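Chemist: File follows, target-v5.cif with mmCIF, C-alpha atoms:
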```
data_coords
loop_
_atom_site.group_PDB
_atom_site.id
_atom_site.type_symbol
_atom_site.label_atom_id
_atom_site.label_comp_id
_atom_site.auth_asym_id
_atom_site.auth_seq_id
_atom_site.Cartn_x
_atom_site.Cartn_y
_atom_site.Cartn_z
ATOM 1 C CA MET N 1 26.029 11.253 14.448
ATOM 2 C CA ILE N 2 27.056 8.082 12.668
ATOM 3 C CA THR N 3 26.349 4.755 14.331
ATOM 4 C CA VAL N 4 27.210 1.237 13.230
ATOM 5 C CA ARG N 5 24.667 -1.576 13.383
ATOM 6 C CA LYS N 6 23.887 -4.908 11.796
ATOM 7 C CA SER N 7 22.535 -4.407 8.307
ATOM 8 C CA ALA N 8 18.874 -5.105 7.562
ATOM 9 C CA LYS N 9 16.966 -5.969 4.394
ATOM 10 C CA LYS N 10 15.679 -2.390 4.299
ATOM 11 C CA ASP N 11 19.294 -1.289 3.697
ATOM 12 C CA SER N 12 19.585 -3.398 0.534
ATOM 13 C CA ARG N 13 19.395 -0.612 -2.045
ATOM 14 C CA ALA N 14 21.934 1.578 -0.262
ATOM 15 C CA ILE N 15 24.295 -1.365 0.292
ATOM 16 C CA ALA N 16 24.017 -2.376 -3.384
ATOM 17 C CA GLU N 17 24.853 1.173 -4.487
ATOM 18 C CA LEU N 18 27.850 1.283 -2.135
ATOM 19 C CA ILE N 19 29.135 -2.074 -3.392
ATOM 20 C CA ALA N 20 28.791 -0.919 -7.008
ATOM 21 C CA GLU N 21 30.601 2.327 -6.236
ATOM 22 C CA ALA N 22 33.436 0.433 -4.558
ATOM 23 C CA ILE N 23 33.959 -2.239 -7.210
ATOM 24 C CA GLU N 24 33.047 -0.102 -10.232
ATOM 25 C CA ASP N 25 33.190 -2.094 -13.497
ATOM 26 C CA LEU N 26 33.433 -5.371 -11.607
ATOM 27 C CA ALA N 27 29.766 -4.911 -10.624
ATOM 28 C CA CYS N 28 28.771 -5.747 -14.189
ATOM 29 C CA LEU N 29 31.186 -8.670 -14.327
ATOM 30 C CA PHE N 30 29.972 -10.164 -11.015
ATOM 31 C CA THR N 31 26.294 -9.806 -11.929
ATOM 32 C CA GLY N 32 26.545 -10.628 -15.636
ATOM 33 C CA MET N 33 24.783 -7.369 -16.515
ATOM 34 C CA GLU N 34 25.846 -4.962 -19.258
ATOM 35 C CA ASP N 35 25.048 -1.637 -17.594
ATOM 36 C CA MET N 36 25.572 -0.278 -14.085
ATOM 37 C CA ASP N 37 21.888 0.449 -13.336
ATOM 38 C CA THR N 38 20.919 -3.154 -14.012
ATOM 39 C CA ALA N 39 23.969 -4.386 -12.101
ATOM 40 C CA VAL N 40 22.921 -2.358 -9.041
ATOM 41 C CA LYS N 41 19.417 -3.862 -9.217
ATOM 42 C CA MET N 42 20.926 -7.353 -9.357
ATOM 43 C CA LEU N 43 23.270 -6.555 -6.469
ATOM 44 C CA GLU N 44 20.246 -5.384 -4.487
ATOM 45 C CA THR N 45 18.638 -8.772 -5.118
ATOM 46 C CA PHE N 46 21.810 -10.468 -3.875
ATOM 47 C CA VAL N 47 21.949 -8.252 -0.766
ATOM 48 C CA ARG N 48 18.342 -9.165 0.111
ATOM 49 C CA MET N 49 19.156 -12.877 -0.012
ATOM 50 C CA GLU N 50 19.964 -14.707 3.195
ATOM 51 C CA GLU N 51 22.890 -16.830 2.053
ATOM 52 C CA ASN N 52 25.509 -15.366 -0.272
ATOM 53 C CA ARG N 53 28.618 -13.231 0.002
ATOM 54 C CA PHE N 54 26.688 -10.008 -0.706
ATOM 55 C CA SER N 55 23.920 -10.749 1.835
ATOM 56 C CA TYR N 56 22.887 -8.034 4.276
ATOM 57 C CA ARG N 57 23.646 -10.641 6.945
ATOM 58 C CA ASN N 58 27.356 -10.426 6.100
ATOM 59 C CA CYS N 59 27.898 -6.717 6.667
ATOM 60 C CA LEU N 60 27.382 -3.825 9.016
ATOM 61 C CA SER N 61 25.777 -0.503 8.112
ATOM 62 C CA ALA N 62 27.133 2.880 9.115
ATOM 63 C CA VAL N 63 24.005 4.968 9.622
ATOM 64 C CA ASP N 64 23.679 8.744 9.784
ATOM 65 C CA GLY N 65 20.176 9.403 11.083
ATOM 66 C CA GLU N 66 18.035 7.124 8.916
ATOM 67 C CA SER N 67 20.414 7.034 5.930
ATOM 68 C CA VAL N 68 23.007 4.360 5.269
ATOM 69 C CA ALA N 69 26.268 6.259 4.847
ATOM 70 C CA GLY N 70 28.617 3.293 4.598
ATOM 71 C CA MET N 71 28.906 -0.418 4.949
#
```
Kindly transcribe the structure held in the file into structure tokens.

Modeler:
Amino acid sequence: MITVRKSAKKDSRAIAELIAEAIEDLACLFTGMEDMDTAVKMLETFVRMEENRFSYRNCLSAVDGESVAGM
């Protein structure tokens, strides 16, 4: 069963991967990185931060069991 809750720092990796999947090539542009793996790592750093547009504080997580299935 999928539930929706406030996102937490522990969701950062999953959220970063979902953002990268949604924005595709723009992930590299937004982060200034040349490859997607590095861009995802940078997005994860942004998601962990308290105050920016990618922050975990600015989104909700759709959770299936213990896994983040959407945001």

Chemist: Expressed in Å to a single decimal, how great is the separation between atom CA of N:Glu44 and atom CA of N:Tyr56?

Modeler: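 Those two atoms sit 9.5 Å apart.
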
Chemist: What lies within 10 Å of N:Asp25 using all atoms listed in the file, ignoring chain neighbours under 2 positions off, as a CSV table (one decimal) with C-alpha atoms, in the frame of the given file?

Modeler:
```
chain,number,residue,atom,x,y,z
N,20,ALA,CA,28.8,-0.9,-7.0
N,21,GLU,CA,30.6,2.3,-6.2
N,22,ALA,CA,33.4,0.4,-4.6
N,23,ILE,CA,34.0,-2.2,-7.2
N,27,ALA,CA,29.8,-4.9,-10.6
N,28,CYS,CA,28.8,-5.7,-14.2
N,29,LEU,CA,31.2,-8.7,-14.3
N,30,PHE,CA,30.0,-10.2,-11.0
N,34,GLU,CA,25.8,-5.0,-19.3
N,35,ASP,CA,25.0,-1.6,-17.6
N,36,MET,CA,25.6,-0.3,-14.1
N,39,ALA,CA,24.0,-4.4,-12.1
```

Chemist: Quick one: distance from atom CA of N:Ile2 to atom CA of N:Met71 in Å, one decimal?

Modeler: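 If I compute the distance from atom CA of N:Ile2 to atom CA of N:Met71, I get 11.6 Å.
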
Chemist: Let me have the centre and edge lengths in Å, one decimal, of the box along x, y and z around every listed atom of stretch 11-26 of chain N with 8 Å of margin on each side, as lines of an AutoDock Vina configuration file.

Modeler:
```
center_x = 26.6
center_y = -1.5
center_z = -4.9
size_x = 30.7
size_y = 23.7
size_z = 33.2
```

Chemist: In Å to one decimal, how far is atom CA of N:Ile15 from atom CA of N:Gly70?

Modeler: 7.7 Å

Chemist: Which residues are near N:Leu43? Cut-off 9 Å, all atoms listed in the file, ignore same chain within fewer than 2 positions. Put them as a list of chain:residue names.

Modeler: N:Ser12, N:Arg13, N:Ile15, N:Ala16, N:Glu17, N:Ile19, N:Ala20, N:Ala27, N:Phe30, N:Thr31, N:Thr38, N:Ala39, N:Val40, N:Lys41, N:Thr45, N:Phe46, N:Val47, N:Arg48, N:Phe54

Chemist: Would you save the residues from that selection as a tab-separated table (two decimals), keeping the file's coordinate frame, using C-alpha atoms?

Modeler:
```tsv
chain	number	residue	atom	x	y	z
N	12	SER	CA	19.58	-3.40	0.53
N	13	ARG	CA	19.40	-0.61	-2.04
N	15	ILE	CA	24.30	-1.36	0.29
N	16	ALA	CA	24.02	-2.38	-3.38
N	17	GLU	CA	24.85	1.17	-4.49
N	19	ILE	CA	29.14	-2.07	-3.39
N	20	ALA	CA	28.79	-0.92	-7.01
N	27	ALA	CA	29.77	-4.91	-10.62
N	30	PHE	CA	29.97	-10.16	-11.02
N	31	THR	CA	26.29	-9.81	-11.93
N	38	THR	CA	20.92	-3.15	-14.01
N	39	ALA	CA	23.97	-4.39	-12.10
N	40	VAL	CA	22.92	-2.36	-9.04
N	41	LYS	CA	19.42	-3.86	-9.22
N	45	THR	CA	18.64	-8.77	-5.12
N	46	PHE	CA	21.81	-10.47	-3.88
N	47	VAL	CA	21.95	-8.25	-0.77
N	48	ARG	CA	18.34	-9.16	0.11
N	54	PHE	CA	26.69	-10.01	-0.71
```

Chemist: With distances taken over all atoms listed in the file, which of N:Met42, N:Ala8, N:Ala14, N:Met33 is nearest to N:Ser67?

Modeler: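 Among the listed residues, the smallest separation from N:Ser67 belongs to N:Ala14.
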
Chemist: Any chance you could work out the residue set of the PyMOL selection byres ((chain N and resi 65) around 12) here, as a list in words?

Modeler: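 With the PyMOL selection byres ((chain N and resi 65) around 12) on this model, the match is Met1, Ile2, Thr3, Val4, Ser61, Ala62, Val63, Asp64, Glu66, Ser67, Val68 and Ala69 of chain N.
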
Chemist: Complete the atoms of stretch 7-30 of chain N to N, CA, C and O atoms and put them out as a PDB file, in the coordinates of the input.

Modeler:
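Result file selection_38.pdb:
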```pdb
ATOM      1  N   SER N   7      23.345  -4.811   9.459  1.00  0.00           N
ATOM      2  CA  SER N   7      22.535  -4.407   8.307  1.00  0.00           C
ATOM      3  C   SER N   7      21.204  -5.140   8.323  1.00  0.00           C
ATOM      4  O   SER N   7      21.072  -6.215   8.901  1.00  0.00           O
ATOM      5  N   ALA N   8      20.210  -4.531   7.669  1.00  0.00           N
ATOM      6  CA  ALA N   8      18.874  -5.105   7.562  1.00  0.00           C
ATOM      7  C   ALA N   8      18.457  -5.118   6.097  1.00  0.00           C
ATOM      8  O   ALA N   8      19.042  -4.410   5.271  1.00  0.00           O
ATOM      9  N   LYS N   9      17.446  -5.912   5.778  1.00  0.00           N
ATOM     10  CA  LYS N   9      16.966  -5.969   4.394  1.00  0.00           C
ATOM     11  C   LYS N   9      16.601  -4.591   3.866  1.00  0.00           C
ATOM     12  O   LYS N   9      16.794  -4.304   2.692  1.00  0.00           O
ATOM     13  N   LYS N  10      16.083  -3.734   4.742  1.00  0.00           N
ATOM     14  CA  LYS N  10      15.679  -2.390   4.299  1.00  0.00           C
ATOM     15  C   LYS N  10      16.869  -1.559   3.811  1.00  0.00           C
ATOM     16  O   LYS N  10      16.691  -0.560   3.130  1.00  0.00           O
ATOM     17  N   ASP N  11      18.082  -1.988   4.130  1.00  0.00           N
ATOM     18  CA  ASP N  11      19.294  -1.289   3.697  1.00  0.00           C
ATOM     19  C   ASP N  11      19.780  -1.762   2.328  1.00  0.00           C
ATOM     20  O   ASP N  11      20.779  -1.256   1.808  1.00  0.00           O
ATOM     21  N   SER N  12      19.091  -2.712   1.733  1.00  0.00           N
ATOM     22  CA  SER N  12      19.585  -3.398   0.534  1.00  0.00           C
ATOM     23  C   SER N  12      19.947  -2.466  -0.609  1.00  0.00           C
ATOM     24  O   SER N  12      20.997  -2.624  -1.246  1.00  0.00           O
ATOM     25  N   ARG N  13      19.114  -1.516  -0.922  1.00  0.00           N
ATOM     26  CA  ARG N  13      19.395  -0.612  -2.045  1.00  0.00           C
ATOM     27  C   ARG N  13      20.670   0.191  -1.791  1.00  0.00           C
ATOM     28  O   ARG N  13      21.549   0.297  -2.650  1.00  0.00           O
ATOM     29  N   ALA N  14      20.761   0.764  -0.598  1.00  0.00           N
ATOM     30  CA  ALA N  14      21.934   1.578  -0.262  1.00  0.00           C
ATOM     31  C   ALA N  14      23.203   0.730  -0.270  1.00  0.00           C
ATOM     32  O   ALA N  14      24.241   1.162  -0.783  1.00  0.00           O
ATOM     33  N   ILE N  15      23.133  -0.472   0.271  1.00  0.00           N
ATOM     34  CA  ILE N  15      24.295  -1.365   0.292  1.00  0.00           C
ATOM     35  C   ILE N  15      24.699  -1.713  -1.140  1.00  0.00           C
ATOM     36  O   ILE N  15      25.888  -1.689  -1.482  1.00  0.00           O
ATOM     37  N   ALA N  16      23.726  -2.039  -1.985  1.00  0.00           N
ATOM     38  CA  ALA N  16      24.017  -2.376  -3.384  1.00  0.00           C
ATOM     39  C   ALA N  16      24.702  -1.214  -4.094  1.00  0.00           C
ATOM     40  O   ALA N  16      25.671  -1.408  -4.842  1.00  0.00           O
ATOM     41  N   GLU N  17      24.233   0.002  -3.866  1.00  0.00           N
ATOM     42  CA  GLU N  17      24.853   1.173  -4.487  1.00  0.00           C
ATOM     43  C   GLU N  17      26.282   1.375  -3.987  1.00  0.00           C
ATOM     44  O   GLU N  17      27.175   1.720  -4.760  1.00  0.00           O
ATOM     45  N   LEU N  18      26.508   1.140  -2.693  1.00  0.00           N
ATOM     46  CA  LEU N  18      27.850   1.283  -2.135  1.00  0.00           C
ATOM     47  C   LEU N  18      28.800   0.219  -2.682  1.00  0.00           C
ATOM     48  O   LEU N  18      29.961   0.503  -2.986  1.00  0.00           O
ATOM     49  N   ILE N  19      28.314  -1.004  -2.811  1.00  0.00           N
ATOM     50  CA  ILE N  19      29.135  -2.074  -3.392  1.00  0.00           C
ATOM     51  C   ILE N  19      29.518  -1.701  -4.824  1.00  0.00           C
ATOM     52  O   ILE N  19      30.686  -1.796  -5.214  1.00  0.00           O
ATOM     53  N   ALA N  20      28.536  -1.286  -5.605  1.00  0.00           N
ATOM     54  CA  ALA N  20      28.791  -0.919  -7.008  1.00  0.00           C
ATOM     55  C   ALA N  20      29.787   0.227  -7.109  1.00  0.00           C
ATOM     56  O   ALA N  20      30.676   0.219  -7.974  1.00  0.00           O
ATOM     57  N   GLU N  21      29.665   1.193  -6.224  1.00  0.00           N
ATOM     58  CA  GLU N  21      30.601   2.327  -6.236  1.00  0.00           C
ATOM     59  C   GLU N  21      32.018   1.853  -5.903  1.00  0.00           C
ATOM     60  O   GLU N  21      32.993   2.309  -6.503  1.00  0.00           O
ATOM     61  N   ALA N  22      32.120   0.917  -4.984  1.00  0.00           N
ATOM     62  CA  ALA N  22      33.436   0.433  -4.558  1.00  0.00           C
ATOM     63  C   ALA N  22      34.109  -0.443  -5.617  1.00  0.00           C
ATOM     64  O   ALA N  22      35.313  -0.343  -5.830  1.00  0.00           O
ATOM     65  N   ILE N  23      33.340  -1.289  -6.271  1.00  0.00           N
ATOM     66  CA  ILE N  23      33.959  -2.239  -7.210  1.00  0.00           C
ATOM     67  C   ILE N  23      33.856  -1.802  -8.668  1.00  0.00           C
ATOM     68  O   ILE N  23      34.379  -2.484  -9.557  1.00  0.00           O
ATOM     69  N   GLU N  24      33.169  -0.713  -8.912  1.00  0.00           N
ATOM     70  CA  GLU N  24      33.047  -0.102 -10.232  1.00  0.00           C
ATOM     71  C   GLU N  24      32.682  -1.108 -11.317  1.00  0.00           C
ATOM     72  O   GLU N  24      31.667  -1.773 -11.219  1.00  0.00           O
ATOM     73  N   ASP N  25      33.507  -1.234 -12.349  1.00  0.00           N
ATOM     74  CA  ASP N  25      33.190  -2.094 -13.497  1.00  0.00           C
ATOM     75  C   ASP N  25      33.017  -3.565 -13.134  1.00  0.00           C
ATOM     76  O   ASP N  25      32.361  -4.312 -13.865  1.00  0.00           O
ATOM     77  N   LEU N  26      33.588  -3.980 -12.026  1.00  0.00           N
ATOM     78  CA  LEU N  26      33.433  -5.371 -11.607  1.00  0.00           C
ATOM     79  C   LEU N  26      31.983  -5.698 -11.252  1.00  0.00           C
ATOM     80  O   LEU N  26      31.587  -6.857 -11.275  1.00  0.00           O
ATOM     81  N   ALA N  27      31.183  -4.681 -10.938  1.00  0.00           N
ATOM     82  CA  ALA N  27      29.766  -4.911 -10.624  1.00  0.00           C
ATOM     83  C   ALA N  27      29.072  -5.581 -11.802  1.00  0.00           C
ATOM     84  O   ALA N  27      28.280  -6.512 -11.617  1.00  0.00           O
ATOM     85  N   CYS N  28      29.367  -5.137 -12.993  1.00  0.00           N
ATOM     86  CA  CYS N  28      28.771  -5.747 -14.189  1.00  0.00           C
ATOM     87  C   CYS N  28      29.305  -7.159 -14.394  1.00  0.00           C
ATOM     88  O   CYS N  28      28.550  -8.074 -14.728  1.00  0.00           O
ATOM     89  N   LEU N  29      30.584  -7.348 -14.173  1.00  0.00           N
ATOM     90  CA  LEU N  29      31.186  -8.670 -14.327  1.00  0.00           C
ATOM     91  C   LEU N  29      30.584  -9.665 -13.328  1.00  0.00           C
ATOM     92  O   LEU N  29      30.193 -10.769 -13.696  1.00  0.00           O
ATOM     93  N   PHE N  30      30.495  -9.274 -12.053  1.00  0.00           N
ATOM     94  CA  PHE N  30      29.972 -10.164 -11.015  1.00  0.00           C
ATOM     95  C   PHE N  30      28.505 -10.510 -11.226  1.00  0.00           C
ATOM     96  O   PHE N  30      28.063 -11.592 -10.866  1.00  0.00           O
TER      97      PHE N  30
END
```
